[in-house]
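S.K.: Take this structure, written in structure tokens, and hold onto it; I'll ask about it next.
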Amino acid sequence: MALTWDTTLVMGIPEIDAQHQRLFERLDALLQAIRRGSSRDEVGRTLAFLCDYVKTHFAAEEELMRESSYPGYAEHKAQHEGFTRDLAVLEEDHLRNGPSPGLILRVNSRVTVWLRDHIYRVDRQLAEHLRARQR
Ligand SMILES: [Fe+2]
């Protein structure tokens, strides 16, 4: 089963929507690499590729929040920081144990579920704020 971004996650802010799609593509690439039984190096690369894009994306969102004087900035940024720490734990887990079925479970429970929930609830509020300012 491929993991895809879908239209329930559309925020109506093209820059953010495009980045969310890229995030899901990289997350899917990671899950596929583990499922295919790719080497530890290969899975490590797809995991690093995902973490790298998460940083870029969070920085872009946080910049939009600052530029638009978003009142929920601190709380939203704290969520990003918590997730970034979880990803670091996952990377350590992979360094120690390598790719495993358990890693798929952990990626799904900590990354996939978090991302969908964060986009659906937290990013949506930011998008509403940005759209209201555009009007
Ligand atoms: Fe966010």
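Within each chain, counting starts at residue 1; across the structure tokens, chains are named A, B, ... in the order shown, with ligands numbered 1 upward in that order.
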List all protein, DNA and RNA residues that have an atom no more than 8 Å from any atom of ligand 1, counting only C-alpha atoms and all ligand atoms, and report them as a list of chain:residue names.
M.R.: A:Phe58, A:Glu61, A:Glu62, A:His76, A:Lys77, A:Gln79, A:His80, A:His118, A:Ile119, A:Val122, A:Asp123
S.K.: Just list the residues in region 43-123 of chain A DSSP gives alpha helix (DSSP H) on the backbone, as a PyMOL selection string.
M.R.: chain A and resi 43-67+73-97+101-106+113-117
S.K.: May I ask for the distance between CA of Tyr70 (chain A) and CA of Leu27 (chain A), given in Å to one decimal place?
M.R.: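 Atom-to-atom, CA of Tyr70 (chain A) to CA of Leu27 (chain A), that is 27.9 Å.
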S.K.: Work out how far CA of Leu9 (chain A) is from CA of Arg124 (chain A), in Å to one decimal.
M.R.: 8.4 Å
S.K.: Using only C-alpha atoms, find the one residue out of A:Asp52, A:Glu15, A:Asp117, A:Asp93 that sits nearest to Leu64 (chain A).
M.R.: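 Nearest to Leu64 (chain A): A:Glu15.
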S.K.: If you count only C-alpha atoms, which residues fall within 8 Å of region 35-41 of chain A, apart from same-chain ones fewer than 4 positions away, as a ChimeraX atom specification?
M.R.: /A:31,45,98-99,101,104
S.K.: Mind checking which residues fall within 8 Å of Leu30 (chain A), counting only C-alpha atoms, ignoring those fewer than 2 positions away in the same chain, and posting them as a ChimeraX atom specification?
M.R.: /A:26-28,32-34,43,46-47,50
S.K.: Write the residues of the preceding selection, restricted to N, CA, C and O atoms, as an mmCIF file, in the first residue's frame.
M.R.:
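Listed below is the output, selection.cif:
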```cif
data_model
loop_
_atom_site.group_PDB
_atom_site.id
_atom_site.type_symbol
_atom_site.label_atom_id
_atom_site.label_comp_id
_atom_site.auth_asym_id
_atom_site.auth_seq_id
_atom_site.Cartn_x
_atom_site.Cartn_y
_atom_site.Cartn_z
ATOM 1 N N ARG A 26 8.515 11.512 0.476
ATOM 2 C CA ARG A 26 9.745 11.032 1.130
ATOM 3 C C ARG A 26 9.447 9.999 2.221
ATOM 4 O O ARG A 26 10.214 9.057 2.412
ATOM 5 N N LEU A 27 8.340 10.202 2.890
ATOM 6 C CA LEU A 27 7.928 9.233 3.905
ATOM 7 C C LEU A 27 7.599 7.894 3.237
ATOM 8 O O LEU A 27 7.991 6.825 3.713
ATOM 9 N N ASP A 28 6.898 7.966 2.109
ATOM 10 C CA ASP A 28 6.558 6.755 1.371
ATOM 11 C C ASP A 28 7.829 6.055 0.883
ATOM 12 O O ASP A 28 7.943 4.829 0.959
ATOM 13 N N GLN A 32 8.773 2.237 1.743
ATOM 14 C CA GLN A 32 9.006 1.280 0.641
ATOM 15 C C GLN A 32 10.403 0.659 0.764
ATOM 16 O O GLN A 32 10.572 -0.536 0.541
ATOM 17 N N ALA A 33 11.380 1.498 1.100
ATOM 18 C CA ALA A 33 12.757 0.986 1.210
ATOM 19 C C ALA A 33 12.844 -0.076 2.306
ATOM 20 O O ALA A 33 13.489 -1.103 2.133
ATOM 21 N N ILE A 34 12.153 0.157 3.422
ATOM 22 C CA ILE A 34 12.194 -0.846 4.506
ATOM 23 C C ILE A 34 11.476 -2.119 4.040
ATOM 24 O O ILE A 34 11.973 -3.231 4.214
ATOM 25 N N VAL A 43 18.287 2.440 3.619
ATOM 26 C CA VAL A 43 17.200 2.912 4.493
ATOM 27 C C VAL A 43 17.666 4.151 5.264
ATOM 28 O O VAL A 43 16.921 5.118 5.405
ATOM 29 N N THR A 46 17.281 7.142 3.030
ATOM 30 C CA THR A 46 15.903 7.619 2.839
ATOM 31 C C THR A 46 15.392 8.276 4.126
ATOM 32 O O THR A 46 14.632 9.239 4.064
ATOM 33 N N LEU A 47 15.861 7.771 5.270
ATOM 34 C CA LEU A 47 15.460 8.366 6.549
ATOM 35 C C LEU A 47 16.091 9.763 6.695
ATOM 36 O O LEU A 47 15.420 10.730 7.077
ATOM 37 N N LEU A 50 14.316 12.211 4.469
ATOM 38 C CA LEU A 50 13.053 12.649 5.075
ATOM 39 C C LEU A 50 13.321 13.700 6.161
ATOM 40 O O LEU A 50 12.701 14.764 6.175
#
```
S.K.: By how many Å are CA of Glu75 (chain A) and CA of Leu105 (chain A) apart?
M.R.: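 Rounded to one decimal, the two atoms are 27.5 Å apart.
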S.K.: Quick one: residues within 9 Å of Ala127 (chain A), only C-alpha atoms, excluding same-chain residues fewer than 3 positions away - as an NGL selection string?
M.R.: :A and (11-13 or 16 or 122-124 or 130-132)
S.K.: From the set A:Leu87, A:Cys51, A:Leu95, A:Val10, which residue has the shortest atom-to-atom contact distance to Trp114 (chain A), counting only C-alpha atoms?
M.R.: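 When distances to Trp114 (chain A) are compared using only C-alpha atoms, the smallest one comes from A:Leu87.
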S.K.: Of the candidates A:Glu63, A:Val54, A:Phe49, A:Ala74, which one gets nearest to Val111 (chain A) if we count only C-alpha atoms?
M.R.: A:Val54
S.K.: Between A:Phe24, A:Trp5, A:Tyr120, A:Tyr73, single out the one closest to His57 (chain A), counting only C-alpha atoms.
M.R.: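 Between A:Phe24, A:Trp5, A:Tyr120, A:Tyr73, the residue approaching His57 (chain A) most closely is A:Phe24.
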S.K.: Between A:His20, A:Arg121, A:Arg110, A:His129, which residue has the minimum interatomic distance to Glu67 (chain A), considering only C-alpha atoms?
M.R.: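 That would be A:His129, the residue with the smallest distance to Glu67 (chain A).
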